[in-house]
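> I'd like to ask you about the structure that follows.
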Amino acid sequence: MYRPRTRRRRWLAGLTAGALAVTGLTAMMTPAAHAAPPGGGNGGGHGKNPELMRILRSMTLEEKAAQLFVLQIHGKSADTTDPADVAANRRLYGAGNAAQVMARYRPGGFIYYGNNIDDPHQVAAFSNGIQRAAMAGPHRIPATIATDQEGGIVARIQPPATQSPGAMALAAGRRTGDARALARITGRELRAIGINQDYAPDADVNVNPANPVIGVRSFGSDPGLVSDMVTAQIRGYRSGGVTATAKHFPGHGDTTTDSHSGVPEIDHTRREWERLDLPPFRAAIAAGVDSIMTAHIVVPSLDPSGDPATLSRPILTGILRDRLGYRGVVVTDALDMQGVRDKYGDERIPVLALKAGADVLLKPPVDDDGAGVFPRQLAAVVAAVESGELTEERIDASVYRILELKHERGLFRDPYTDESRVGEVVGTPAHLAAAQRAADRTTTLVENDAGVLPLRPGARDVLVTGWGVSTTAALGTEIARRGATATIRQTGIRPTRAQIDEAAEAARGQDLVVAVTNRAWDVEDEPGHNGPGQMNLVKALAATGTPVVVIAVRDPYDIAWFPEATTYLATYSYTAEALRSAAKTLFGELNPRGRLPVAIPVRDEPGTALYRFGHGLGYRR
């Protein structure tokens with residue numbers, strides 16, 4: 001094991017030897033099956049699809065540039081007339097809804113967020129409306145319709161759609177078959193509502209427990225495990241009919257800065273990067289992943305310029321294209337994130353991203369006055385070609401890759417979804433049962449030192465407290481279903497001293513306390529952090545003498561901040577399926593089988609494992 005050079009990078013020492021004994025990757029760059037000519041040119045049309053080349057040659061420069069952008073949109077239908085949505089879209093694009101934006105600019109597509117979603121039938125109609133607008137254009141180019149449906153804590157499409165366990169939960173189950181099956185189910189359900197690209201799976205190796213933005217979105221801290229699960233999900237999404245996107249290249253797993261609000265810097269050496277961060281992306285390329293998303297992170301060992309990877313030619317072209325041989329679509333992370341906006345002006349960013357090697361420019365920002373920057377970014381790309389800073393051949397290479405991907409997804413043949421059949425695919429009993437079976441294999445019993453678990457069903461008084469209105473209520477319902485009287489006292493993400501005292505007082509009259517935590521390790525008492533309240537709550541509950549079961553419903557690291565907890569479960573998410581599995585584990589209906597996909601370090605001793613990678617307890621039968 002290497003010796004970390006800074007205190008922050010001592011987090012890496014918590015990895016298992018197996019995680020660092022990945023096969024030597026200094027000779028990593030064997031050209032893959034997705035090899036492309038250096039520089040990513042279109043080869044003058046040699047070997048290209050003739051019909052796509054005909055479309056490409058018929059497009060104006062402005063149309064080609066627009067095809068590079070995937071835009072956010074307000075509203076829940078392509079022709080919305082809702083005054084608030086129309087006003088918001090006009091501020092962004094000077095057009096009132098998705099159909100008008102498509103008619104005016106002909107962008108490559110749109111990305112859905114939670115504010116676009118009501119229910120599966122509504123989304124299917126929305127998607128069909130977008131495709132009708134796209135196909136009404138002179139070149140009949142279908143739209144990319146994308147979303148982030150990773151599973152677990154990142155899922156734009158909520159129930160009745162099937163909710164897959166998140167990445168770290170699936171990795172705790174150690175079953176690549178579950179990862180592939182749930183990705184296939186997710187893919188089928190997305191395609192049934194007209195979504196053809198999922199910005200998943202997350203291929204980051206989360207070696208830093210203090211990572212504020214990745215955490216349980218990663219499959220874990222072992223590059224081999226992450227690689228296996230990423231490969232399984234890529235194949236699952238593809239078999240479900242959607243484009244998978246491995247993210248965030250070159251690896252966002254060791255940062256203490258959220259790239260939504262700052263510029264993370266990864267201080268891995270080149271060799272450390274090759275051993276830790278690279279393997280899942282290399283595996284994704286070998287599995288034929290169609291799309292890779294960039295990270296807004298600075299990696300000095302890969303590019304000393306200080307440019308984030310999204311704008312780095314040495315990283316996107318030098319490593320990803322030329323050395324790894326990747327010829328698929330490279331999509332930027334959202335361009336409204338601070339991690340890519342700090343160094344250059346918004347109008348320069350898309351030009352620099354294209355020069356670096358990106359193909360798709362995702363979610364342009366708004367300026368300080370609230371006006372959308374997309375029209376100016378579009379004009380900047382056109383101007384860069386007209387001035388010679390970018391060649392039209394370079395634009396053609398990206399547009400062709402985008403068109404080719406749409407062709408491979410069958411969108412040119414039929415971009416629409418059958419709205420009458422949505423209910424036959426989305427949230428079916430078979431899909432829901434598969435998600436529950438997978439979740440049942442993920443719950444990890446980390447500590448049971450007091451022998452409190454498993455509980456016997458029957459009468460007892462149980463206080464359910466801690467984070468989450470719906471989370472504590474759902475657990476209370478499950479516990480009551482097994483004969484107990486459950487009292488709910490939700491204390492939020494930042495419990496106050498008064499809330500802590502009230503919960504502790506309530507605990508003294510109970511037979512058992514179930515305390516729910518959500519990133520209790522984030523004890524910094526500053527804006528944007530959770531503060532010490534959750535830690536103090538668990539400590540106060542433990543001091544009452546009433547048996548306490550702590551359930552960490554997000555990052556598994558919380559227990560390091562309250563070693564007084566003698567009974568501790570990790571579920572890695574707070575979906576209904578995860579909470580049902582937790583309840584079944586409490587009462588011995590499930591023998592817990594999950595194993596930690598990360599090490600949990602001792603608080604303030606990041607090089608010392610409190611619980612090692614692979615740890616997980618079960619019940620003796």
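Ligands are numbered from 1 in the order shown, chains are lettered A, B, ... in the order of the structure tokens, and residues start at 1 in each chain.
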Residues at most 8 Å from Ala353 (chain A), counting only C-alpha atoms, excluding those fewer than 6 positions away in the same chain, as number ranges by chain?
A: 310-312, 332, 361
> Write the residues of the selection above to a file with N, CA and C atoms, as a PDB file, in the first residue's frame.

ATOM      1  N   THR A 310     -13.758  18.687 -17.572  1.00  0.00           N
ATOM      2  CA  THR A 310     -14.708  18.989 -18.638  1.00  0.00           C
ATOM      3  C   THR A 310     -14.093  19.870 -19.719  1.00  0.00           C
ATOM      4  N   LEU A 311     -13.121  20.697 -19.348  1.00  0.00           N
ATOM      5  CA  LEU A 311     -12.493  21.630 -20.290  1.00  0.00           C
ATOM      6  C   LEU A 311     -11.057  21.256 -20.601  1.00  0.00           C
ATOM      7  N   SER A 312     -10.655  20.046 -20.252  1.00  0.00           N
ATOM      8  CA  SER A 312      -9.256  19.635 -20.372  1.00  0.00           C
ATOM      9  C   SER A 312      -9.030  18.743 -21.587  1.00  0.00           C
ATOM     10  N   THR A 332     -20.908  16.509 -21.124  1.00  0.00           N
ATOM     11  CA  THR A 332     -20.455  17.252 -19.956  1.00  0.00           C
ATOM     12  C   THR A 332     -21.442  17.057 -18.813  1.00  0.00           C
ATOM     13  N   LEU A 361     -23.327  19.159 -24.677  1.00  0.00           N
ATOM     14  CA  LEU A 361     -23.230  20.259 -23.716  1.00  0.00           C
ATOM     15  C   LEU A 361     -24.532  20.298 -22.927  1.00  0.00           C
TER      16      LEU A 361
END
> Pick out the residues sitting within 9 Å of Thr417 (chain A), and hand them over as a PyMOL selection string; count only C-alpha atoms, and ignore anything fewer than 3 positions along from it in its own chain.
chain A and resi 124-125+127-128+191-194+414+420-422
> Residues within 8 Å of Ser573 (chain A), please, as a list in words. Count only C-alpha atoms; anything in the same chain fewer than 3 positions from it doesn't count.
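My list of contacting residues is Gly152, Ile153, Pro165, Gly166, Ala169, Val216, Val553, Arg554 and Ala578 of chain A.
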> From region 75-175 of chain A, collect each residue whose DSSP state is alpha helix (DSSP H) and return the set as an mmCIF file with all heavy atoms, in the first residue's frame.

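Saved the output as part_9.cif:
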data_model
loop_
_atom_site.group_PDB
_atom_site.id
_atom_site.type_symbol
_atom_site.label_atom_id
_atom_site.label_comp_id
_atom_site.auth_asym_id
_atom_site.auth_seq_id
_atom_site.Cartn_x
_atom_site.Cartn_y
_atom_site.Cartn_z
ATOM 1 N N PRO A 83 -48.675 29.694 -16.824
ATOM 2 C CA PRO A 83 -48.006 31.000 -16.864
ATOM 3 C C PRO A 83 -46.618 31.001 -16.235
ATOM 4 O O PRO A 83 -45.702 31.625 -16.779
ATOM 5 C CB PRO A 83 -48.973 31.916 -16.099
ATOM 6 C CG PRO A 83 -50.309 31.266 -16.237
ATOM 7 C CD PRO A 83 -50.036 29.794 -16.236
ATOM 8 N N ALA A 84 -46.454 30.304 -15.104
ATOM 9 C CA ALA A 84 -45.142 30.297 -14.443
ATOM 10 C C ALA A 84 -44.113 29.566 -15.291
ATOM 11 O O ALA A 84 -42.966 30.016 -15.428
ATOM 12 C CB ALA A 84 -45.262 29.652 -13.065
ATOM 13 N N ASP A 85 -44.508 28.431 -15.879
ATOM 14 C CA ASP A 85 -43.577 27.676 -16.716
ATOM 15 C C ASP A 85 -43.232 28.440 -17.992
ATOM 16 O O ASP A 85 -42.072 28.465 -18.422
ATOM 17 C CB ASP A 85 -44.171 26.310 -17.067
ATOM 18 C CG ASP A 85 -44.280 25.391 -15.854
ATOM 19 O OD1 ASP A 85 -43.436 25.502 -14.951
ATOM 20 O OD2 ASP A 85 -45.224 24.570 -15.821
ATOM 21 N N VAL A 86 -44.237 29.042 -18.604
ATOM 22 C CA VAL A 86 -43.991 29.821 -19.820
ATOM 23 C C VAL A 86 -43.029 30.969 -19.531
ATOM 24 O O VAL A 86 -42.074 31.221 -20.293
ATOM 25 C CB VAL A 86 -45.323 30.339 -20.397
ATOM 26 C CG1 VAL A 86 -45.077 31.378 -21.490
ATOM 27 C CG2 VAL A 86 -46.152 29.183 -20.950
ATOM 28 N N ALA A 87 -43.236 31.657 -18.423
ATOM 29 C CA ALA A 87 -42.363 32.781 -18.069
ATOM 30 C C ALA A 87 -40.938 32.299 -17.812
ATOM 31 O O ALA A 87 -39.964 32.943 -18.240
ATOM 32 C CB ALA A 87 -42.913 33.497 -16.844
ATOM 33 N N ALA A 88 -40.810 31.165 -17.115
ATOM 34 C CA ALA A 88 -39.474 30.642 -16.830
ATOM 35 C C ALA A 88 -38.753 30.238 -18.111
ATOM 36 O O ALA A 88 -37.550 30.511 -18.281
ATOM 37 C CB ALA A 88 -39.584 29.454 -15.877
ATOM 38 N N ASN A 89 -39.458 29.602 -19.027
ATOM 39 C CA ASN A 89 -38.833 29.206 -20.288
ATOM 40 C C ASN A 89 -38.449 30.415 -21.134
ATOM 41 O O ASN A 89 -37.413 30.409 -21.809
ATOM 42 C CB ASN A 89 -39.773 28.291 -21.073
ATOM 43 C CG ASN A 89 -39.872 26.908 -20.462
ATOM 44 O OD1 ASN A 89 -38.888 26.369 -19.954
ATOM 45 N ND2 ASN A 89 -41.066 26.327 -20.493
ATOM 46 N N ARG A 90 -39.276 31.435 -21.098
ATOM 47 C CA ARG A 90 -38.945 32.641 -21.870
ATOM 48 C C ARG A 90 -37.689 33.321 -21.328
ATOM 49 O O ARG A 90 -36.900 33.871 -22.099
ATOM 50 C CB ARG A 90 -40.131 33.599 -21.877
ATOM 51 C CG ARG A 90 -41.240 33.140 -22.835
ATOM 52 C CD ARG A 90 -42.432 34.059 -22.830
ATOM 53 N NE ARG A 90 -43.419 33.633 -23.830
ATOM 54 C CZ ARG A 90 -44.702 33.952 -23.807
ATOM 55 N NH1 ARG A 90 -45.163 34.729 -22.825
ATOM 56 N NH2 ARG A 90 -45.514 33.515 -24.740
ATOM 57 N N ARG A 91 -37.515 33.260 -19.997
ATOM 58 C CA ARG A 91 -36.279 33.812 -19.434
ATOM 59 C C ARG A 91 -35.056 33.016 -19.891
ATOM 60 O O ARG A 91 -33.976 33.570 -20.094
ATOM 61 C CB ARG A 91 -36.347 33.822 -17.901
ATOM 62 C CG ARG A 91 -37.240 34.921 -17.334
ATOM 63 C CD ARG A 91 -37.025 35.108 -15.845
ATOM 64 N NE ARG A 91 -37.380 33.905 -15.085
ATOM 65 C CZ ARG A 91 -38.596 33.653 -14.632
ATOM 66 N NH1 ARG A 91 -39.588 34.506 -14.868
ATOM 67 N NH2 ARG A 91 -38.841 32.561 -13.922
ATOM 68 N N LEU A 92 -35.252 31.723 -20.077
ATOM 69 C CA LEU A 92 -34.128 30.881 -20.501
ATOM 70 C C LEU A 92 -33.870 30.976 -22.001
ATOM 71 O O LEU A 92 -32.713 31.050 -22.436
ATOM 72 C CB LEU A 92 -34.397 29.422 -20.127
ATOM 73 C CG LEU A 92 -34.390 29.055 -18.639
ATOM 74 C CD1 LEU A 92 -34.757 27.594 -18.457
ATOM 75 C CD2 LEU A 92 -33.026 29.333 -18.020
ATOM 76 N N TYR A 93 -34.942 30.926 -22.796
ATOM 77 C CA TYR A 93 -34.770 30.701 -24.229
ATOM 78 C C TYR A 93 -35.516 31.692 -25.132
ATOM 79 O O TYR A 93 -35.380 31.614 -26.349
ATOM 80 C CB TYR A 93 -35.251 29.285 -24.586
ATOM 81 C CG TYR A 93 -34.670 28.219 -23.692
ATOM 82 C CD1 TYR A 93 -35.477 27.452 -22.859
ATOM 83 C CD2 TYR A 93 -33.290 27.993 -23.663
ATOM 84 C CE1 TYR A 93 -34.943 26.469 -22.039
ATOM 85 C CE2 TYR A 93 -32.750 27.022 -22.835
ATOM 86 C CZ TYR A 93 -33.588 26.274 -22.022
ATOM 87 O OH TYR A 93 -33.044 25.311 -21.202
ATOM 88 N N ALA A 98 -41.468 23.564 -24.443
ATOM 89 C CA ALA A 98 -40.508 22.683 -25.114
ATOM 90 C C ALA A 98 -40.725 22.640 -26.620
ATOM 91 O O ALA A 98 -39.767 22.635 -27.405
ATOM 92 C CB ALA A 98 -40.603 21.276 -24.527
ATOM 93 N N ALA A 99 -41.985 22.610 -27.044
ATOM 94 C CA ALA A 99 -42.256 22.561 -28.481
ATOM 95 C C ALA A 99 -41.763 23.826 -29.169
ATOM 96 O O ALA A 99 -41.182 23.767 -30.273
ATOM 97 C CB ALA A 99 -43.757 22.370 -28.719
ATOM 98 N N GLN A 100 -41.954 24.970 -28.539
ATOM 99 C CA GLN A 100 -41.487 26.219 -29.133
ATOM 100 C C GLN A 100 -39.965 26.313 -29.126
ATOM 101 O O GLN A 100 -39.365 26.825 -30.080
ATOM 102 C CB GLN A 100 -42.107 27.396 -28.382
ATOM 103 C CG GLN A 100 -43.618 27.523 -28.573
ATOM 104 C CD GLN A 100 -44.228 28.597 -27.690
ATOM 105 O OE1 GLN A 100 -43.520 29.336 -27.004
ATOM 106 N NE2 GLN A 100 -45.556 28.680 -27.679
ATOM 107 N N VAL A 101 -39.337 25.828 -28.053
ATOM 108 C CA VAL A 101 -37.863 25.820 -28.008
ATOM 109 C C VAL A 101 -37.317 24.924 -29.110
ATOM 110 O O VAL A 101 -36.357 25.281 -29.811
ATOM 111 C CB VAL A 101 -37.371 25.367 -26.623
ATOM 112 C CG1 VAL A 101 -35.857 25.151 -26.627
ATOM 113 C CG2 VAL A 101 -37.751 26.377 -25.550
ATOM 114 N N MET A 102 -37.946 23.767 -29.297
ATOM 115 C CA MET A 102 -37.500 22.855 -30.354
ATOM 116 C C MET A 102 -37.674 23.495 -31.728
ATOM 117 O O MET A 102 -36.782 23.418 -32.592
ATOM 118 C CB MET A 102 -38.277 21.544 -30.260
ATOM 119 C CG MET A 102 -37.882 20.506 -31.303
ATOM 120 S SD MET A 102 -36.141 19.976 -31.200
ATOM 121 C CE MET A 102 -36.182 18.950 -29.717
ATOM 122 N N ALA A 103 -38.789 24.131 -31.952
ATOM 123 C CA ALA A 103 -39.034 24.752 -33.253
ATOM 124 C C ALA A 103 -38.059 25.893 -33.521
ATOM 125 O O ALA A 103 -37.638 26.107 -34.666
ATOM 126 C CB ALA A 103 -40.479 25.256 -33.319
ATOM 127 N N ARG A 104 -37.702 26.619 -32.476
ATOM 128 C CA ARG A 104 -36.848 27.796 -32.668
ATOM 129 C C ARG A 104 -35.374 27.433 -32.834
ATOM 130 O O ARG A 104 -34.674 28.016 -33.666
ATOM 131 C CB ARG A 104 -37.023 28.731 -31.471
ATOM 132 C CG ARG A 104 -36.169 30.002 -31.548
ATOM 133 C CD ARG A 104 -36.596 30.997 -30.505
ATOM 134 N NE ARG A 104 -35.810 32.227 -30.565
ATOM 135 C CZ ARG A 104 -36.068 33.314 -29.852
ATOM 136 N NH1 ARG A 104 -37.118 33.329 -29.035
ATOM 137 N NH2 ARG A 104 -35.318 34.383 -29.965
ATOM 138 N N TYR A 105 -34.895 26.452 -32.020
ATOM 139 C CA TYR A 105 -33.452 26.196 -31.991
ATOM 140 C C TYR A 105 -33.043 24.826 -32.528
ATOM 141 O O TYR A 105 -31.898 24.640 -32.922
ATOM 142 C CB TYR A 105 -32.928 26.303 -30.552
ATOM 143 C CG TYR A 105 -33.049 27.672 -29.943
ATOM 144 C CD1 TYR A 105 -34.042 27.934 -28.992
ATOM 145 C CD2 TYR A 105 -32.183 28.702 -30.288
ATOM 146 C CE1 TYR A 105 -34.160 29.181 -28.404
ATOM 147 C CE2 TYR A 105 -32.291 29.954 -29.699
ATOM 148 C CZ TYR A 105 -33.278 30.191 -28.766
ATOM 149 O OH TYR A 105 -33.388 31.435 -28.192
ATOM 150 N N PRO A 120 -46.244 8.565 -14.559
ATOM 151 C CA PRO A 120 -45.703 7.966 -15.782
ATOM 152 C C PRO A 120 -46.485 8.312 -17.053
ATOM 153 O O PRO A 120 -45.881 8.564 -18.107
ATOM 154 C CB PRO A 120 -45.750 6.466 -15.490
ATOM 155 C CG PRO A 120 -45.625 6.375 -13.996
ATOM 156 C CD PRO A 120 -46.395 7.559 -13.476
ATOM 157 N N HIS A 121 -47.813 8.331 -16.986
ATOM 158 C CA HIS A 121 -48.586 8.640 -18.194
ATOM 159 C C HIS A 121 -48.335 10.085 -18.638
ATOM 160 O O HIS A 121 -48.229 10.365 -19.848
ATOM 161 C CB HIS A 121 -50.072 8.403 -17.940
ATOM 162 C CG HIS A 121 -50.441 6.956 -17.878
ATOM 163 N ND1 HIS A 121 -50.406 6.246 -16.696
ATOM 164 C CD2 HIS A 121 -50.826 6.080 -18.842
ATOM 165 C CE1 HIS A 121 -50.764 4.993 -16.932
ATOM 166 N NE2 HIS A 121 -51.029 4.859 -18.224
ATOM 167 N N GLN A 122 -48.244 10.988 -17.688
ATOM 168 C CA GLN A 122 -47.957 12.391 -18.035
ATOM 169 C C GLN A 122 -46.587 12.516 -18.691
ATOM 170 O O GLN A 122 -46.416 13.256 -19.686
ATOM 171 C CB GLN A 122 -48.042 13.253 -16.774
ATOM 172 C CG GLN A 122 -47.454 14.648 -16.919
ATOM 173 C CD GLN A 122 -46.027 14.739 -16.381
ATOM 174 O OE1 GLN A 122 -45.679 14.118 -15.371
ATOM 175 N NE2 GLN A 122 -45.187 15.496 -17.061
ATOM 176 N N VAL A 123 -45.588 11.800 -18.158
ATOM 177 C CA VAL A 123 -44.245 11.881 -18.732
ATOM 178 C C VAL A 123 -44.237 11.306 -20.142
ATOM 179 O O VAL A 123 -43.597 11.848 -21.055
ATOM 180 C CB VAL A 123 -43.215 11.164 -17.838
ATOM 181 C CG1 VAL A 123 -41.819 11.221 -18.475
ATOM 182 C CG2 VAL A 123 -43.174 11.787 -16.444
ATOM 183 N N ALA A 124 -44.931 10.208 -20.348
ATOM 184 C CA ALA A 124 -44.994 9.620 -21.690
ATOM 185 C C ALA A 124 -45.597 10.602 -22.689
ATOM 186 O O ALA A 124 -45.088 10.758 -23.812
ATOM 187 C CB ALA A 124 -45.805 8.328 -21.654
ATOM 188 N N ALA A 125 -46.660 11.272 -22.294
ATOM 189 C CA ALA A 125 -47.271 12.264 -23.184
ATOM 190 C C ALA A 125 -46.323 13.437 -23.430
ATOM 191 O O ALA A 125 -46.233 13.950 -24.563
ATOM 192 C CB ALA A 125 -48.587 12.758 -22.579
ATOM 193 N N PHE A 126 -45.631 13.875 -22.398
ATOM 194 C CA PHE A 126 -44.641 14.949 -22.524
ATOM 195 C C PHE A 126 -43.570 14.548 -23.539
ATOM 196 O O PHE A 126 -43.233 15.301 -24.462
ATOM 197 C CB PHE A 126 -44.034 15.205 -21.142
ATOM 198 C CG PHE A 126 -43.224 16.470 -21.005
ATOM 199 C CD1 PHE A 126 -42.671 16.797 -19.764
ATOM 200 C CD2 PHE A 126 -42.985 17.333 -22.068
ATOM 201 C CE1 PHE A 126 -41.924 17.957 -19.598
ATOM 202 C CE2 PHE A 126 -42.239 18.492 -21.912
ATOM 203 C CZ PHE A 126 -41.695 18.800 -20.678
ATOM 204 N N SER A 127 -43.039 13.344 -23.372
ATOM 205 C CA SER A 127 -41.978 12.871 -24.267
ATOM 206 C C SER A 127 -42.463 12.795 -25.706
ATOM 207 O O SER A 127 -41.754 13.201 -26.645
ATOM 208 C CB SER A 127 -41.481 11.495 -23.806
ATOM 209 O OG SER A 127 -40.973 11.544 -22.485
ATOM 210 N N ASN A 128 -43.651 12.275 -25.915
ATOM 211 C CA ASN A 128 -44.188 12.202 -27.278
ATOM 212 C C ASN A 128 -44.380 13.586 -27.869
ATOM 213 O O ASN A 128 -44.147 13.810 -29.069
ATOM 214 C CB ASN A 128 -45.508 11.432 -27.287
ATOM 215 C CG ASN A 128 -45.299 9.925 -27.261
ATOM 216 O OD1 ASN A 128 -44.203 9.434 -27.523
ATOM 217 N ND2 ASN A 128 -46.354 9.196 -26.928
ATOM 218 N N GLY A 129 -44.790 14.545 -27.040
ATOM 219 C CA GLY A 129 -44.926 15.915 -27.527
ATOM 220 C C GLY A 129 -43.592 16.494 -27.977
ATOM 221 O O GLY A 129 -43.512 17.183 -29.008
ATOM 222 N N ILE A 130 -42.548 16.230 -27.210
ATOM 223 C CA ILE A 130 -41.209 16.689 -27.609
ATOM 224 C C ILE A 130 -40.799 16.044 -28.928
ATOM 225 O O ILE A 130 -40.281 16.722 -29.828
ATOM 226 C CB ILE A 130 -40.194 16.368 -26.494
ATOM 227 C CG1 ILE A 130 -40.422 17.293 -25.288
ATOM 228 C CG2 ILE A 130 -38.759 16.496 -27.013
ATOM 229 C CD1 ILE A 130 -39.580 16.926 -24.077
ATOM 230 N N GLN A 131 -41.045 14.744 -29.053
ATOM 231 C CA GLN A 131 -40.639 14.063 -30.288
ATOM 232 C C GLN A 131 -41.441 14.535 -31.494
ATOM 233 O O GLN A 131 -40.891 14.645 -32.597
ATOM 234 C CB GLN A 131 -40.753 12.539 -30.118
ATOM 235 C CG GLN A 131 -39.838 11.933 -29.061
ATOM 236 C CD GLN A 131 -38.352 12.049 -29.381
ATOM 237 O OE1 GLN A 131 -37.947 12.708 -30.360
ATOM 238 N NE2 GLN A 131 -37.509 11.419 -28.578
ATOM 239 N N ARG A 132 -42.699 14.839 -31.298
ATOM 240 C CA ARG A 132 -43.479 15.388 -32.424
ATOM 241 C C ARG A 132 -42.885 16.719 -32.873
ATOM 242 O O ARG A 132 -42.769 16.980 -34.089
ATOM 243 C CB ARG A 132 -44.953 15.556 -32.024
ATOM 244 C CG ARG A 132 -45.751 14.271 -32.054
ATOM 245 C CD ARG A 132 -47.243 14.534 -31.926
ATOM 246 N NE ARG A 132 -47.597 15.071 -30.609
ATOM 247 C CZ ARG A 132 -47.887 14.324 -29.551
ATOM 248 N NH1 ARG A 132 -47.876 12.999 -29.652
ATOM 249 N NH2 ARG A 132 -48.205 14.896 -28.398
ATOM 250 N N ALA A 133 -42.497 17.537 -31.922
ATOM 251 C CA ALA A 133 -41.890 18.817 -32.282
ATOM 252 C C ALA A 133 -40.554 18.605 -32.984
ATOM 253 O O ALA A 133 -40.220 19.306 -33.950
ATOM 254 C CB ALA A 133 -41.708 19.676 -31.033
ATOM 255 N N ALA A 134 -39.764 17.646 -32.496
ATOM 256 C CA ALA A 134 -38.460 17.368 -33.118
ATOM 257 C C ALA A 134 -38.638 16.840 -34.543
ATOM 258 O O ALA A 134 -37.932 17.270 -35.471
ATOM 259 C CB ALA A 134 -37.680 16.366 -32.267
ATOM 260 N N MET A 135 -39.572 15.930 -34.733
ATOM 261 C CA MET A 135 -39.757 15.312 -36.050
ATOM 262 C C MET A 135 -40.435 16.239 -37.042
ATOM 263 O O MET A 135 -40.485 15.948 -38.246
ATOM 264 C CB MET A 135 -40.551 14.012 -35.898
ATOM 265 C CG MET A 135 -39.861 12.968 -35.032
ATOM 266 S SD MET A 135 -38.213 12.492 -35.613
ATOM 267 C CE MET A 135 -38.652 11.342 -36.922
ATOM 268 N N ALA A 167 -26.601 2.576 -5.850
ATOM 269 C CA ALA A 167 -25.375 1.868 -6.193
ATOM 270 C C ALA A 167 -24.735 1.213 -4.974
ATOM 271 O O ALA A 167 -24.399 0.018 -4.997
ATOM 272 C CB ALA A 167 -24.396 2.834 -6.860
ATOM 273 N N MET A 168 -24.529 1.969 -3.890
ATOM 274 C CA MET A 168 -23.837 1.390 -2.743
ATOM 275 C C MET A 168 -24.648 0.265 -2.111
ATOM 276 O O MET A 168 -24.086 -0.724 -1.622
ATOM 277 C CB MET A 168 -23.479 2.459 -1.724
ATOM 278 C CG MET A 168 -22.469 1.991 -0.687
ATOM 279 S SD MET A 168 -21.833 3.293 0.401
ATOM 280 C CE MET A 168 -20.688 4.149 -0.704
ATOM 281 N N ALA A 169 -25.975 0.409 -2.132
ATOM 282 C CA ALA A 169 -26.813 -0.669 -1.620
ATOM 283 C C ALA A 169 -26.633 -1.935 -2.451
ATOM 284 O O ALA A 169 -26.434 -3.035 -1.904
ATOM 285 C CB ALA A 169 -28.279 -0.239 -1.618
ATOM 286 N N LEU A 170 -26.695 -1.818 -3.772
ATOM 287 C CA LEU A 170 -26.509 -2.990 -4.626
ATOM 288 C C LEU A 170 -25.133 -3.619 -4.410
ATOM 289 O O LEU A 170 -25.003 -4.847 -4.392
ATOM 290 C CB LEU A 170 -26.693 -2.603 -6.089
ATOM 291 C CG LEU A 170 -28.128 -2.304 -6.534
ATOM 292 C CD1 LEU A 170 -28.142 -1.664 -7.909
ATOM 293 C CD2 LEU A 170 -28.970 -3.587 -6.527
ATOM 294 N N ALA A 171 -24.135 -2.778 -4.217
ATOM 295 C CA ALA A 171 -22.795 -3.320 -3.977
ATOM 296 C C ALA A 171 -22.725 -4.039 -2.636
ATOM 297 O O ALA A 171 -21.991 -5.019 -2.495
ATOM 298 C CB ALA A 171 -21.768 -2.196 -4.032
ATOM 299 N N ALA A 172 -23.481 -3.569 -1.645
ATOM 300 C CA ALA A 172 -23.524 -4.275 -0.362
ATOM 301 C C ALA A 172 -24.089 -5.672 -0.536
ATOM 302 O O ALA A 172 -23.708 -6.604 0.178
ATOM 303 C CB ALA A 172 -24.349 -3.488 0.645
ATOM 304 N N GLY A 173 -25.001 -5.845 -1.484
ATOM 305 C CA GLY A 173 -25.548 -7.161 -1.784
ATOM 306 C C GLY A 173 -24.605 -8.043 -2.563
ATOM 307 O O GLY A 173 -24.804 -9.271 -2.609
#
> Could you list, as a PyMOL selection string, every residue within 7 Å of Ser301 (chain A), counting only C-alpha atoms and ignoring same-chain residues fewer than 3 positions away?
chain A and resi 268-270+304
> Considering only C-alpha atoms, state which residue in the set A:Ile266, A:Ile195, A:Ala284, A:Glu419 is at the smallest distance from Ala232 (chain A).
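The answer is A:Ala284, which sits nearest to Ala232 (chain A).
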> Please provide as a PyMOL selection string all residues within 12 Å of region 342-350 of chain A, with the sequence filter that same-chain residues fewer than 4 positions apart are discarded (counting only C-alpha atoms).
chain A and resi 65-66+68-69+259-264+296-298+305-312+331-338+354-368+372-384+389-390+395
> As a count of residues only, please: the residues near region 446-457 of chain A (cut-off 8 Å, only C-alpha atoms, same-chain neighbours under 6 positions excluded).
18
> Mind giving me the straight-line distance from CA of Ala434 (chain A) to CA of Val154 (chain A) in Å, one decimal?
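That distance, rounded to one decimal, is 18.9 Å.
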> Using only C-alpha atoms, which protein or nucleic acid residues come within 10 Å of Arg174 (chain A)? Drop anything in the same chain fewer than 3 positions from it, and give the result as a list of chain:residue names.
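Result of the neighbour search: A:Met168, A:Ala169, A:Leu170, A:Ala171, A:Gly177, A:Asp178, A:Ala179, A:Phe219, A:Leu225, A:Asp228, A:Met229, A:Arg441, A:Thr442, A:Arg593, A:Gly594, A:Arg595, A:Leu596, A:Pro597, A:Gly614.
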> Which of these residues is nearest to Glu63 (chain A), using only C-alpha atoms: A:Glu589, A:Asp396, A:Glu478, A:Asp501?
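That would be A:Asp396, the residue with the smallest distance to Glu63 (chain A).
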> Find the residue from A:Thr243, A:Gln158, A:Gln499, A:Thr546 that sits nearest to Asp198 (chain A); use only C-alpha atoms when measuring.
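Among A:Thr243, A:Gln158, A:Gln499, A:Thr546, it is A:Thr243 that comes nearest to Asp198 (chain A).
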